[in-house]
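Source file protein-v1.cif; content: mmCIF, C-alpha atoms.
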data_query
loop_
_atom_site.label_atom_id
_atom_site.label_comp_id
_atom_site.auth_asym_id
_atom_site.auth_seq_id
_atom_site.Cartn_x
_atom_site.Cartn_y
_atom_site.Cartn_z
CA MET A 61 -74.67 9.25 65.58
CA MET A 62 -70.92 9.75 65.12
CA ASP A 63 -69.69 12.52 62.86
CA VAL A 64 -66.57 12.36 60.70
CA GLU A 65 -64.28 13.16 63.65
CA GLY A 66 -65.79 10.47 65.86
CA GLN A 67 -67.53 12.98 68.17
CA GLN A 68 -71.11 12.69 69.33
CA ASP A 69 -73.45 14.72 67.16
CA HIS A 70 -76.57 16.07 68.92
CA HIS A 71 -77.86 18.12 66.01
CA PRO A 72 -81.35 16.95 64.97
CA LYS A 73 -80.20 16.56 61.37
CA GLY A 74 -77.05 14.68 62.40
CA PRO A 75 -77.82 11.28 60.79
CA GLN A 76 -78.76 12.80 57.46
CA THR A 77 -75.74 15.14 57.52
CA SER A 78 -73.43 12.25 58.39
CA LYS A 79 -74.88 10.12 55.58
CA CYS A 80 -74.41 12.93 53.05
CA LEU A 81 -70.88 13.51 54.32
CA LYS A 82 -70.01 9.83 53.88
CA ARG A 83 -71.32 9.89 50.30
CA ALA A 84 -69.25 13.01 49.62
CA LEU A 85 -66.16 11.27 51.02
CA VAL A 86 -66.80 8.22 48.82
CA VAL A 87 -67.05 10.40 45.71
CA LEU A 88 -64.00 12.49 46.68
CA ASN A 89 -61.79 9.47 47.33
CA CYS A 90 -62.93 7.64 44.20
CA LEU A 91 -62.05 10.80 42.25
CA LEU A 92 -58.63 11.09 43.90
CA LEU A 93 -57.90 7.41 43.25
CA SER A 94 -59.03 7.65 39.62
CA VAL A 95 -56.96 10.76 38.83
CA GLY A 96 -53.87 9.44 40.61
CA ASN A 97 -54.19 5.96 39.13
CA THR A 98 -54.30 7.41 35.60
CA GLY A 99 -51.88 10.33 35.82
CA GLY A 100 -49.23 8.84 38.12
CA PRO A 101 -48.11 5.97 35.84
CA LEU A 102 -48.22 8.15 32.72
CA LEU A 103 -45.97 10.85 34.20
CA SER A 104 -43.61 8.23 35.64
CA ARG A 105 -43.21 6.78 32.15
CA VAL A 106 -42.76 10.29 30.68
CA TYR A 107 -39.82 10.71 33.09
CA PHE A 108 -38.07 7.57 31.82
CA ARG A 109 -39.06 8.04 28.18
CA HIS A 110 -37.34 11.41 27.78
CA GLY A 111 -34.04 10.75 29.51
CA GLY A 112 -34.71 9.97 33.19
CA HIS A 113 -32.71 7.04 34.55
CA ARG A 114 -33.01 7.15 38.35
CA GLN A 115 -35.30 4.40 39.65
CA TRP A 116 -34.93 5.44 43.28
CA LEU A 117 -35.92 9.02 42.41
CA SER A 118 -39.00 7.77 40.54
CA SER A 119 -39.99 5.57 43.49
CA TRP A 120 -39.42 8.51 45.88
CA LEU A 121 -41.89 10.61 43.87
CA GLU A 122 -44.64 8.04 44.43
CA THR A 123 -44.89 8.93 48.13
CA GLY A 124 -42.79 12.12 48.34
CA GLY A 125 -45.95 14.25 48.26
CA TRP A 126 -46.95 13.13 51.78
CA PRO A 127 -46.59 16.69 53.26
CA LEU A 128 -49.62 17.70 51.15
CA ILE A 129 -51.79 15.79 53.65
CA LEU A 130 -50.80 18.33 56.33
CA LEU A 131 -53.16 20.85 54.70
CA PRO A 132 -56.43 18.89 55.14
CA LEU A 133 -55.22 17.71 58.56
CA SER A 134 -54.68 21.34 59.62
CA ILE A 135 -58.16 22.27 58.39
CA SER A 136 -59.62 19.33 60.31
CA TYR A 137 -57.79 20.37 63.49
CA LEU A 138 -58.98 23.98 63.23
CA TYR A 139 -62.55 22.77 62.63
CA ARG A 140 -62.45 20.54 65.72
CA ARG A 141 -60.90 23.32 67.77
CA ARG A 142 -63.64 25.76 66.73
CA ARG A 143 -66.32 23.23 67.72
CA ARG A 144 -64.65 22.67 71.09
CA LEU A 145 -64.64 26.40 71.78
CA ALA A 146 -68.36 26.74 70.96
CA PRO A 147 -70.47 28.01 73.92
CA ASP A 148 -72.46 24.77 74.22
CA ASN A 149 -69.36 22.54 74.39
CA HIS A 150 -67.05 21.80 77.32
CA HIS A 151 -63.62 23.34 76.98
CA HIS A 152 -61.59 20.14 76.73
CA PRO A 153 -58.21 20.35 74.95
CA THR A 154 -58.45 19.58 71.24
CA LYS A 155 -56.40 16.52 70.30
CA LEU A 156 -53.71 17.28 67.74
CA PHE A 157 -53.39 13.64 66.61
CA PHE A 158 -55.61 10.57 66.95
CA LEU A 159 -52.89 8.01 66.18
CA THR A 160 -51.98 5.69 69.06
CA PRO A 161 -48.43 4.25 69.37
CA ARG A 162 -49.79 0.84 68.33
CA LEU A 163 -51.36 2.24 65.18
CA PHE A 164 -48.30 4.37 64.45
CA LEU A 165 -46.08 1.27 64.50
CA ALA A 166 -48.44 -0.62 62.17
CA CYS A 167 -48.46 2.31 59.73
CA ALA A 168 -44.66 2.53 59.86
CA VAL A 169 -44.37 -1.14 58.82
CA LEU A 170 -46.94 -0.64 56.05
CA GLY A 171 -45.02 2.43 54.90
CA LEU A 172 -41.80 0.43 54.55
CA LEU A 173 -43.68 -2.20 52.51
CA ILE A 174 -45.07 0.56 50.29
CA GLY A 175 -41.53 1.92 49.85
CA VAL A 176 -40.35 -1.48 48.61
CA ASP A 177 -43.40 -1.69 46.33
CA ASP A 178 -42.62 1.80 44.96
CA PHE A 179 -39.11 0.75 44.00
CA LEU A 180 -40.25 -2.49 42.34
CA TYR A 181 -42.80 -0.54 40.31
CA ALA A 182 -40.39 2.22 39.28
CA TYR A 183 -37.68 -0.27 38.29
CA GLY A 184 -40.15 -2.31 36.25
CA LEU A 185 -41.65 0.75 34.55
CA SER A 186 -38.20 1.94 33.46
CA PHE A 187 -38.09 -1.05 31.07
CA LEU A 188 -41.76 -1.41 30.10
CA PRO A 189 -44.31 0.65 28.14
CA VAL A 190 -46.87 2.08 30.56
CA SER A 191 -49.65 0.27 28.67
CA THR A 192 -48.00 -3.11 29.37
CA SER A 193 -47.25 -2.15 32.96
CA ALA A 194 -50.88 -1.16 33.53
CA LEU A 195 -52.16 -4.51 32.25
CA LEU A 196 -49.76 -6.35 34.54
CA ILE A 197 -50.71 -4.19 37.51
CA SER A 198 -54.34 -5.18 36.92
CA SER A 199 -53.41 -8.62 38.24
CA GLN A 200 -53.24 -7.02 41.71
CA LEU A 201 -57.00 -7.59 41.84
CA ALA A 202 -56.32 -11.34 41.82
CA PHE A 203 -53.65 -10.97 44.51
CA THR A 204 -55.93 -8.69 46.55
CA ALA A 205 -58.73 -11.27 46.43
CA SER A 206 -56.34 -14.05 47.49
CA PHE A 207 -54.74 -12.12 50.35
CA ALA A 208 -58.13 -10.71 51.45
CA PHE A 209 -59.33 -14.33 51.75
CA LEU A 210 -56.33 -15.20 53.96
CA ILE A 211 -56.05 -12.02 56.01
CA VAL A 212 -59.54 -10.51 56.42
CA LYS A 213 -61.51 -13.72 55.65
CA GLN A 214 -63.05 -12.34 52.46
CA LYS A 215 -64.82 -15.35 50.92
CA PHE A 216 -64.10 -16.57 47.41
CA THR A 217 -67.08 -16.90 45.07
CA PRO A 218 -67.34 -18.50 41.62
CA TYR A 219 -67.22 -14.97 40.19
CA SER A 220 -64.03 -13.98 42.02
CA ILE A 221 -62.37 -17.30 41.07
CA ASN A 222 -63.32 -16.68 37.43
CA SER A 223 -61.89 -13.17 37.70
CA VAL A 224 -58.58 -14.42 39.12
CA ALA A 225 -58.29 -16.99 36.31
CA LEU A 226 -58.98 -14.41 33.58
CA LEU A 227 -56.50 -11.88 34.97
CA THR A 228 -53.85 -14.60 35.26
CA VAL A 229 -54.36 -15.70 31.65
CA GLY A 230 -54.12 -12.07 30.53
CA ALA A 231 -50.77 -11.62 32.28
CA VAL A 232 -49.42 -14.92 30.90
CA MET A 233 -50.44 -13.90 27.36
CA LEU A 234 -48.41 -10.71 27.66
CA GLY A 235 -45.44 -12.68 28.96
CA LEU A 236 -45.48 -15.02 25.97
CA HIS A 237 -45.16 -12.09 23.51
CA THR A 238 -42.37 -10.06 25.04
CA SER A 239 -40.93 -8.84 21.74
CA SER A 240 -44.08 -7.23 20.38
CA ASP A 241 -43.91 -4.00 22.40
CA ARG A 242 -40.33 -3.92 23.74
CA PRO A 243 -38.88 -0.36 23.58
CA ASP A 244 -35.96 0.08 21.17
CA ASN A 245 -33.39 0.87 23.87
CA VAL A 246 -34.40 -2.05 26.13
CA SER A 247 -32.88 -5.52 25.84
CA GLU A 248 -34.97 -8.68 26.13
CA GLY A 249 -33.37 -9.41 29.51
CA GLN A 250 -34.26 -5.94 30.79
CA TYR A 251 -37.81 -6.31 29.47
CA LEU A 252 -38.26 -9.62 31.30
CA THR A 253 -36.80 -8.08 34.46
CA GLY A 254 -39.32 -5.27 34.22
CA PHE A 255 -42.11 -7.75 33.51
CA PHE A 256 -41.52 -9.86 36.63
CA LEU A 257 -40.76 -6.87 38.87
CA THR A 258 -44.10 -5.35 37.84
CA LEU A 259 -45.88 -8.62 38.66
CA GLY A 260 -44.07 -8.55 42.00
CA THR A 261 -45.37 -5.01 42.49
CA ALA A 262 -48.94 -6.19 41.88
CA ALA A 263 -48.50 -9.09 44.32
CA LEU A 264 -47.04 -6.91 47.07
CA TYR A 265 -49.69 -4.21 46.68
CA GLY A 266 -52.33 -6.95 46.66
CA LEU A 267 -50.97 -7.86 50.11
CA ILE A 268 -50.78 -4.25 51.34
CA LEU A 269 -54.46 -3.45 50.65
CA PRO A 270 -55.90 -6.18 52.93
CA LEU A 271 -53.26 -5.32 55.56
CA VAL A 272 -54.56 -1.74 55.58
CA GLU A 273 -58.10 -3.04 56.08
CA LEU A 274 -56.85 -5.38 58.85
CA THR A 275 -55.17 -2.39 60.52
CA TYR A 276 -58.52 -0.58 60.55
CA ARG A 277 -60.20 -3.59 62.16
CA LYS A 278 -57.50 -4.09 64.82
CA ALA A 279 -57.09 -0.39 65.65
CA ARG A 280 -59.05 -0.58 68.95
CA GLN A 281 -60.31 2.96 68.38
CA VAL A 282 -62.92 4.75 66.30
CA ILE A 283 -61.71 5.06 62.69
CA THR A 284 -62.47 8.52 61.35
CA TYR A 285 -61.42 10.12 58.07
CA THR A 286 -58.99 12.34 59.99
CA LEU A 287 -57.36 9.22 61.42
CA VAL A 288 -57.17 7.72 57.91
CA MET A 289 -55.28 10.81 56.70
CA GLU A 290 -52.93 10.59 59.69
CA MET A 291 -52.25 6.95 58.84
CA GLN A 292 -51.50 7.85 55.21
CA LEU A 293 -49.17 10.61 56.44
CA VAL A 294 -47.15 8.13 58.50
CA MET A 295 -47.13 5.50 55.72
CA GLY A 296 -46.02 8.11 53.19
CA PHE A 297 -43.28 9.38 55.49
CA PHE A 298 -41.74 5.96 56.10
CA ALA A 299 -42.05 4.91 52.43
CA THR A 300 -40.33 8.16 51.39
CA ALA A 301 -37.66 7.71 54.08
CA LEU A 302 -36.81 4.27 52.67
CA CYS A 303 -36.58 5.67 49.13
CA THR A 304 -34.49 8.61 50.39
CA ILE A 305 -31.95 6.17 51.79
CA GLY A 306 -31.88 4.43 48.40
CA MET A 307 -31.34 7.78 46.67
CA LEU A 308 -28.47 8.66 49.02
CA VAL A 309 -26.76 5.31 48.47
CA ASN A 310 -27.27 5.60 44.70
CA LYS A 311 -26.14 9.29 44.74
CA ASP A 312 -29.33 10.38 42.95
CA PHE A 313 -29.37 13.82 44.58
CA GLU A 314 -26.02 14.63 42.99
CA VAL A 315 -27.22 13.57 39.53
CA ILE A 316 -30.57 15.42 39.45
CA PRO A 317 -29.20 18.83 38.25
CA ARG A 318 -27.21 17.20 35.44
CA GLU A 319 -30.11 14.97 34.43
CA ALA A 320 -32.40 18.04 34.34
CA ARG A 321 -30.04 19.88 31.95
CA GLN A 322 -29.87 16.87 29.63
CA TYR A 323 -33.59 16.03 29.77
CA GLY A 324 -35.27 15.65 26.39
CA LEU A 325 -38.18 17.99 27.20
CA GLY A 326 -36.00 20.70 28.76
CA GLU A 327 -34.94 21.56 32.30
CA VAL A 328 -38.14 23.36 33.34
CA LYS A 329 -40.40 20.54 32.16
CA TYR A 330 -38.13 18.05 33.92
CA TYR A 331 -38.91 19.61 37.28
CA MET A 332 -42.59 19.98 36.33
CA VAL A 333 -42.74 16.24 35.64
CA LEU A 334 -41.21 15.52 39.06
CA VAL A 335 -43.55 17.85 40.96
CA TRP A 336 -46.74 16.72 39.26
CA SER A 337 -45.71 13.07 39.61
CA ALA A 338 -45.47 13.54 43.38
CA ILE A 339 -48.87 15.29 43.50
CA LEU A 340 -50.70 12.71 41.36
CA TRP A 341 -49.20 9.73 43.18
CA GLN A 342 -50.25 11.26 46.51
CA CYS A 343 -53.79 11.53 45.13
CA PHE A 344 -53.57 7.82 44.31
CA PHE A 345 -52.45 6.70 47.78
CA LEU A 346 -54.78 9.01 49.71
CA GLY A 347 -57.68 7.96 47.48
CA THR A 348 -56.85 4.29 48.03
CA VAL A 349 -56.87 4.38 51.84
CA GLY A 350 -59.95 6.64 51.70
CA VAL A 351 -61.90 4.17 49.54
CA ILE A 352 -60.90 1.31 51.86
CA PHE A 353 -62.12 3.39 54.83
CA CYS A 354 -65.41 4.47 53.21
CA VAL A 355 -66.25 1.16 51.49
CA ASN A 356 -63.77 -1.76 51.41
CA THR A 357 -60.56 -3.14 49.92
CA LEU A 358 -62.33 -4.70 46.97
CA LEU A 359 -63.71 -1.43 45.61
CA ALA A 360 -60.21 0.06 45.71
CA GLY A 361 -58.91 -2.86 43.66
CA ILE A 362 -61.82 -2.60 41.21
CA ILE A 363 -61.29 1.14 40.60
CA ILE A 364 -57.58 0.56 39.96
CA ALA A 365 -58.47 -2.13 37.41
CA VAL A 366 -61.33 -0.27 35.73
CA PHE A 367 -59.08 2.61 34.65
CA ILE A 368 -56.75 0.34 32.67
CA PRO A 369 -58.49 1.21 29.36
CA VAL A 370 -58.05 4.92 30.15
CA ILE A 371 -54.32 4.44 30.71
CA GLU A 372 -54.10 2.39 27.51
CA LEU A 373 -55.84 5.16 25.56
CA PHE A 374 -53.64 7.95 26.90
CA ALA A 375 -50.49 5.85 26.40
CA ALA A 376 -51.38 5.37 22.73
CA ILE A 377 -52.30 9.04 22.18
CA LEU A 378 -49.73 10.89 24.31
CA LEU A 379 -46.78 8.48 24.36
CA HIS A 380 -47.39 6.88 20.94
CA GLU A 381 -47.09 3.36 22.34
CA LYS A 382 -48.10 0.44 20.15
CA PHE A 383 -51.39 -1.23 21.00
CA THR A 384 -50.74 -4.78 19.83
CA SER A 385 -53.27 -7.55 19.34
CA GLU A 386 -51.87 -9.31 22.43
CA LYS A 387 -52.58 -6.21 24.49
CA GLY A 388 -56.08 -6.07 23.04
CA VAL A 389 -56.84 -9.65 24.06
CA SER A 390 -55.24 -9.12 27.48
CA LEU A 391 -57.30 -5.96 27.98
CA ALA A 392 -60.49 -7.82 27.03
CA LEU A 393 -59.67 -10.57 29.55
CA CYS A 394 -58.96 -7.95 32.23
CA LEU A 395 -62.29 -6.23 31.60
CA TRP A 396 -64.09 -9.57 31.57
CA GLY A 397 -62.46 -10.46 34.87
CA LEU A 398 -63.38 -7.08 36.30
CA ALA A 399 -67.01 -7.47 35.17
CA SER A 400 -67.18 -10.94 36.70
CA TYR A 401 -65.73 -9.72 39.98
CA SER A 402 -68.02 -6.68 40.15
CA TYR A 403 -71.13 -8.74 39.39
CA GLY A 404 -70.18 -11.25 42.08
CA GLU A 405 -69.78 -8.44 44.62
CA TYR A 406 -73.13 -6.97 43.58
CA ARG A 407 -74.92 -10.33 44.05
CA ASP A 408 -73.23 -10.89 47.39
CA LYS A 409 -74.25 -7.43 48.61
CA LYS A 410 -77.88 -8.02 47.56
CA LYS A 411 -77.94 -11.37 49.38
CA LYS A 412 -76.65 -9.77 52.58
CA GLU A 413 -79.20 -6.96 52.34
CA ALA A 414 -82.03 -9.47 51.79
CA ALA A 415 -80.86 -11.61 54.74
CA LEU A 416 -80.62 -8.55 57.00
CA LYS A 417 -84.09 -7.38 55.92
CA ALA A 418 -85.56 -10.84 56.59
CA GLN A 419 -83.90 -10.95 60.01
CA THR A 420 -85.20 -7.48 60.90
CA THR A 421 -88.71 -8.42 59.74
CA GLY A 422 -88.61 -11.59 61.82
CA ILE A 423 -87.57 -9.71 64.95
CA THR A 424 -90.33 -7.12 64.42
CA THR A 425 -92.96 -9.83 63.89
CA GLY A 426 -91.82 -11.76 66.93
CA SER A 427 -92.03 -8.73 69.19
#

So that I can check it, write out the structure of this file as structure tokens.
Amino acid sequence: MMDVEGQQDHHPKGPQTSKCLKRALVVLNCLLLSVGNTGGPLLSRVYFRHGGHRQWLSSWLETGGWPLILLPLSISYLYRRRRRLAPDNHHHPTKLFFLTPRLFLACAVLGLLIGVDDFLYAYGLSFLPVSTSALLISSQLAFTASFAFLIVKQKFTPYSINSVALLTVGAVMLGLHTSSDRPDNVSEGQYLTGFFLTLGTAALYGLILPLVELTYRKARQVITYTLVMEMQLVMGFFATALCTIGMLVNKDFEVIPREARQYGLGEVKYYMVLVWSAILWQCFFLGTVGVIFCVNTLLAGIIIAVFIPVIELFAAILLHEKFTSEKGVSLALCLWGLASYSYGEYRDKKKKEAALKAQTTGITTGS
């Protein structure tokens, strides 16, 4: 039985321990994804709402918290090192990193794609209410299903097709009523720009999720949770590097002190918004790759979609955004699509379990 670091576990309770550890990782990553998916967009909108204007800075914050991953990686290394130095183990050198050059290159490319996605999202959110943006981002489930079909051969079912159709109708309905929730200082042209950039964000992230799963499958090495964190570290670094270049070209670093002094909530809260944005967005990305590792791409997409009502609620309460009838219908369609998709996945899982059980029973009977 392999433990979380991919080492052979000879402890008599190894299988049970490993199973409990996997469940704990599933819960932890679902929690990280849920908190980041809710708090990240809200704080990003708070930045723009109260006087922030730098799209590259906002996109930088989405992955700028990547050094936080060094803490759990250090703990993992020290844990492995302690186990290697145990009396019953051979004294082989403890590996500092598990990433191979091949996997490093794949993560670098994914990181650059995430950097582009960060900028599209930040630019779109600067013109849209976060409640509208969240509903549009929910369409990434449809894009994820489509790209998962093409890239990792995830089969379409009547339930997933129904879900894609419902999410598409929901997005179109929002697009046909662009004036109902347009912020006062945003022109119709800017609103439409934000609308289509946010859809582009959903499409690109719908491509990135299956590519991450494909990277796991093509890694040619044991995928452990430590390796997943290393991959996220590299992806975060390259995404942040791309956004840093954008900030340098746009001279954002020179503007930050002046923008902080003029910020509507005050200078101290300005920097608090930036710091907590980086932390929450890092929770989102680490939770996403963790859920894909522990379960699959589809669950990551479902969790992102299921927290749309939470974002809508907080946007109405904390940011005083209007919840129009169009948003209500779009939200209902999104939840309907989510329910359809989830039920389809549940049925598919039960069929596979039944088929596996029948196959195992047949082998046992035959022997």

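When the distance limit is 12 Å and all atoms listed in the file are what count, the residues near Arg114 (chain A), minus those fewer than 4 positions from it on the same chain, are A:Ser104, A:Arg105, A:Tyr107, A:Phe108, A:Arg109, A:Ser118, A:Ser119, A:Trp120, A:Leu121, A:Phe179, A:Ala182, A:Tyr183, A:Leu185, A:Ser186, A:Cys303, A:Gly306, A:Met307, A:Leu308, A:Asn310, A:Lys311, A:Asp312, A:Phe313, A:Glu314, A:Val315, A:Ile316, A:Arg318, A:Glu319, A:Ala320, A:Leu334.
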
With distances taken over only C-alpha atoms, which of A:Val169, A:Val106, A:Leu398, A:Lys417 is nearest to Met332 (chain A)?
A:Val106

Could you spell out the hits of the PyMOL selection byres ((chain A and resi 88) around 12) on the shown file, as an MDAnalysis selection string?
chainID A and resid 81:87 89:95 285 343:344 346:351 354

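Restricting the calculation to only C-alpha atoms, the smallest distance between Thr275 (chain A) and any of A:Glu405, A:Phe353, A:Ser193, A:Gln322 is found for A:Phe353.
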
Check the smallest atom-to-atom distance from each of A:Ala414, A:Leu201, A:Leu379, A:Leu159 to Tyr401 (chain A) using only C-alpha atoms, then report the winner.
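Looking at the shortest contact to Tyr401 (chain A), the residue is A:Leu201.
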
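Against this structure, the PyMOL selection byres ((chain A and resi 204) around 9) ends up with A:Ser199, A:Gln200, A:Leu201, A:Ala202, A:Phe203, A:Ala205, A:Ser206, A:Phe207, A:Ala208, A:Phe209, A:Ala262, A:Ala263, A:Tyr265, A:Gly266, A:Leu267, A:Ile268, A:Leu269, A:Pro270, A:Thr357, A:Leu358, A:Gly361.
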
Given all atoms listed in the file as the counted atoms, nearest of A:Thr123, A:Gln250, A:Gln115, A:Thr258 to Val294 (chain A)
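Distance minimum relative to Val294 (chain A) lands on A:Thr123.
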
Evaluating the PyMOL selection byres ((chain A and resi 192) around 9) on the displayed file yields which residues, as a VMD selection string?
chain A and resid 188 to 191 193 to 197 234 241 255 372 387

Just to be explicit: take each residue in the selection above, keep C-alpha atoms, and write the result as an mmCIF file, in the frame of the given file.
data_model
loop_
_atom_site.group_PDB
_atom_site.id
_atom_site.type_symbol
_atom_site.label_atom_id
_atom_site.label_comp_id
_atom_site.auth_asym_id
_atom_site.auth_seq_id
_atom_site.Cartn_x
_atom_site.Cartn_y
_atom_site.Cartn_z
ATOM 1 C CA LEU A 188 -41.760 -1.410 30.100
ATOM 2 C CA PRO A 189 -44.310 0.650 28.140
ATOM 3 C CA VAL A 190 -46.870 2.080 30.560
ATOM 4 C CA SER A 191 -49.650 0.270 28.670
ATOM 5 C CA SER A 193 -47.250 -2.150 32.960
ATOM 6 C CA ALA A 194 -50.880 -1.160 33.530
ATOM 7 C CA LEU A 195 -52.160 -4.510 32.250
ATOM 8 C CA LEU A 196 -49.760 -6.350 34.540
ATOM 9 C CA ILE A 197 -50.710 -4.190 37.510
ATOM 10 C CA LEU A 234 -48.410 -10.710 27.660
ATOM 11 C CA ASP A 241 -43.910 -4.000 22.400
ATOM 12 C CA PHE A 255 -42.110 -7.750 33.510
ATOM 13 C CA GLU A 372 -54.100 2.390 27.510
ATOM 14 C CA LYS A 387 -52.580 -6.210 24.490
#

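If you measure from each of A:Phe187, A:His110, A:Leu131, A:Thr160 to Val282 (chain A) using only C-alpha atoms, the closest one turns out to be A:Thr160.
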
Contacts of Ser198 (chain A) within 12 Å, all atoms listed in the file, excl. fewer than 6 positions in-chain, as a PyMOL selection string:
chain A and resi 97+191-192+204+223-224+226-231+258-263+265-266+360-369+371+390-398

Would you write out those residues with C-alpha atoms, as a compact mmCIF listing (two decimals), in the coordinates of the input?
# COMPACT_ATOMS: atom_id res chain seq x y z
CA ASN A 97 -54.19 5.96 39.13
CA SER A 191 -49.65 0.27 28.67
CA THR A 192 -48.00 -3.11 29.37
CA THR A 204 -55.93 -8.69 46.55
CA SER A 223 -61.89 -13.17 37.70
CA VAL A 224 -58.58 -14.42 39.12
CA LEU A 226 -58.98 -14.41 33.58
CA LEU A 227 -56.50 -11.88 34.97
CA THR A 228 -53.85 -14.60 35.26
CA VAL A 229 -54.36 -15.70 31.65
CA GLY A 230 -54.12 -12.07 30.53
CA ALA A 231 -50.77 -11.62 32.28
CA THR A 258 -44.10 -5.35 37.84
CA LEU A 259 -45.88 -8.62 38.66
CA GLY A 260 -44.07 -8.55 42.00
CA THR A 261 -45.37 -5.01 42.49
CA ALA A 262 -48.94 -6.19 41.88
CA ALA A 263 -48.50 -9.09 44.32
CA TYR A 265 -49.69 -4.21 46.68
CA GLY A 266 -52.33 -6.95 46.66
CA ALA A 360 -60.21 0.06 45.71
CA GLY A 361 -58.91 -2.86 43.66
CA ILE A 362 -61.82 -2.60 41.21
CA ILE A 363 -61.29 1.14 40.60
CA ILE A 364 -57.58 0.56 39.96
CA ALA A 365 -58.47 -2.13 37.41
CA VAL A 366 -61.33 -0.27 35.73
CA PHE A 367 -59.08 2.61 34.65
CA ILE A 368 -56.75 0.34 32.67
CA PRO A 369 -58.49 1.21 29.36
CA ILE A 371 -54.32 4.44 30.71
CA SER A 390 -55.24 -9.12 27.48
CA LEU A 391 -57.30 -5.96 27.98
CA ALA A 392 -60.49 -7.82 27.03
CA LEU A 393 -59.67 -10.57 29.55
CA CYS A 394 -58.96 -7.95 32.23
CA LEU A 395 -62.29 -6.23 31.60
CA TRP A 396 -64.09 -9.57 31.57
CA GLY A 397 -62.46 -10.46 34.87
CA LEU A 398 -63.38 -7.08 36.30

Might you pull out every residue within 8 Å of Pro218 (chain A), with all atoms listed in the file counted and same-chain residues fewer than 3 positions away left off, and present them as a count of residues only?
3

Which residues are close to Phe297 (chain A), i.e. within 8 Å by all atoms listed in the file, leaving aside same-chain residues fewer than 6 positions away? Reply as a compact mmCIF listing (two decimals) with C-alpha atoms, in the frame of the given file.
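Output (part-v5.txt):
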# COMPACT_ATOMS: atom_id res chain seq x y z
CA THR A 123 -44.89 8.93 48.13
CA GLY A 124 -42.79 12.12 48.34
CA TRP A 126 -46.95 13.13 51.78
CA GLY A 171 -45.02 2.43 54.90

Can you measure CA of Phe158 (chain A) to CA of Glu122 (chain A) for me? One decimal in Å is fine.
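Value for the CA of Phe158 (chain A)-CA of Glu122 (chain A) distance: 25.2 Å.
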
Taking N, CA, C and O atoms as the atom set, what does region 353-362 of chain A look like once completed, written as a PDB file, in the frame of the given file?
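Saved file part-v8.pdb follows:
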ATOM      1  N   PHE A 353     -61.439   2.921  53.633  1.00  0.00           N
ATOM      2  CA  PHE A 353     -62.120   3.390  54.830  1.00  0.00           C
ATOM      3  C   PHE A 353     -63.625   3.537  54.599  1.00  0.00           C
ATOM      4  O   PHE A 353     -64.447   3.093  55.398  1.00  0.00           O
ATOM      5  N   CYS A 354     -64.002   4.170  53.481  1.00  0.00           N
ATOM      6  CA  CYS A 354     -65.410   4.470  53.210  1.00  0.00           C
ATOM      7  C   CYS A 354     -66.196   3.237  52.764  1.00  0.00           C
ATOM      8  O   CYS A 354     -67.390   3.117  53.061  1.00  0.00           O
ATOM      9  N   VAL A 355     -65.534   2.321  52.030  1.00  0.00           N
ATOM     10  CA  VAL A 355     -66.250   1.160  51.490  1.00  0.00           C
ATOM     11  C   VAL A 355     -65.499  -0.122  51.905  1.00  0.00           C
ATOM     12  O   VAL A 355     -65.749  -0.673  52.967  1.00  0.00           O
ATOM     13  N   ASN A 356     -64.575  -0.581  51.068  1.00  0.00           N
ATOM     14  CA  ASN A 356     -63.770  -1.760  51.410  1.00  0.00           C
ATOM     15  C   ASN A 356     -62.586  -1.889  50.455  1.00  0.00           C
ATOM     16  O   ASN A 356     -62.434  -1.119  49.501  1.00  0.00           O
ATOM     17  N   THR A 357     -61.744  -2.891  50.724  1.00  0.00           N
ATOM     18  CA  THR A 357     -60.560  -3.140  49.920  1.00  0.00           C
ATOM     19  C   THR A 357     -60.913  -3.460  48.472  1.00  0.00           C
ATOM     20  O   THR A 357     -60.220  -3.043  47.538  1.00  0.00           O
ATOM     21  N   LEU A 358     -61.987  -4.213  48.295  1.00  0.00           N
ATOM     22  CA  LEU A 358     -62.330  -4.700  46.970  1.00  0.00           C
ATOM     23  C   LEU A 358     -62.669  -3.562  46.005  1.00  0.00           C
ATOM     24  O   LEU A 358     -62.277  -3.594  44.841  1.00  0.00           O
ATOM     25  N   LEU A 359     -63.381  -2.547  46.481  1.00  0.00           N
ATOM     26  CA  LEU A 359     -63.710  -1.430  45.610  1.00  0.00           C
ATOM     27  C   LEU A 359     -62.446  -0.700  45.166  1.00  0.00           C
ATOM     28  O   LEU A 359     -62.338  -0.280  44.010  1.00  0.00           O
ATOM     29  N   ALA A 360     -61.472  -0.577  46.070  1.00  0.00           N
ATOM     30  CA  ALA A 360     -60.210   0.060  45.710  1.00  0.00           C
ATOM     31  C   ALA A 360     -59.533  -0.712  44.572  1.00  0.00           C
ATOM     32  O   ALA A 360     -59.049  -0.124  43.589  1.00  0.00           O
ATOM     33  N   GLY A 361     -59.508  -2.038  44.704  1.00  0.00           N
ATOM     34  CA  GLY A 361     -58.910  -2.860  43.660  1.00  0.00           C
ATOM     35  C   GLY A 361     -59.664  -2.765  42.341  1.00  0.00           C
ATOM     36  O   GLY A 361     -59.067  -2.736  41.266  1.00  0.00           O
ATOM     37  N   ILE A 362     -60.993  -2.682  42.419  1.00  0.00           N
ATOM     38  CA  ILE A 362     -61.820  -2.600  41.210  1.00  0.00           C
ATOM     39  C   ILE A 362     -61.579  -1.270  40.480  1.00  0.00           C
ATOM     40  O   ILE A 362     -61.437  -1.238  39.251  1.00  0.00           O
TER      41      ILE A 362
END
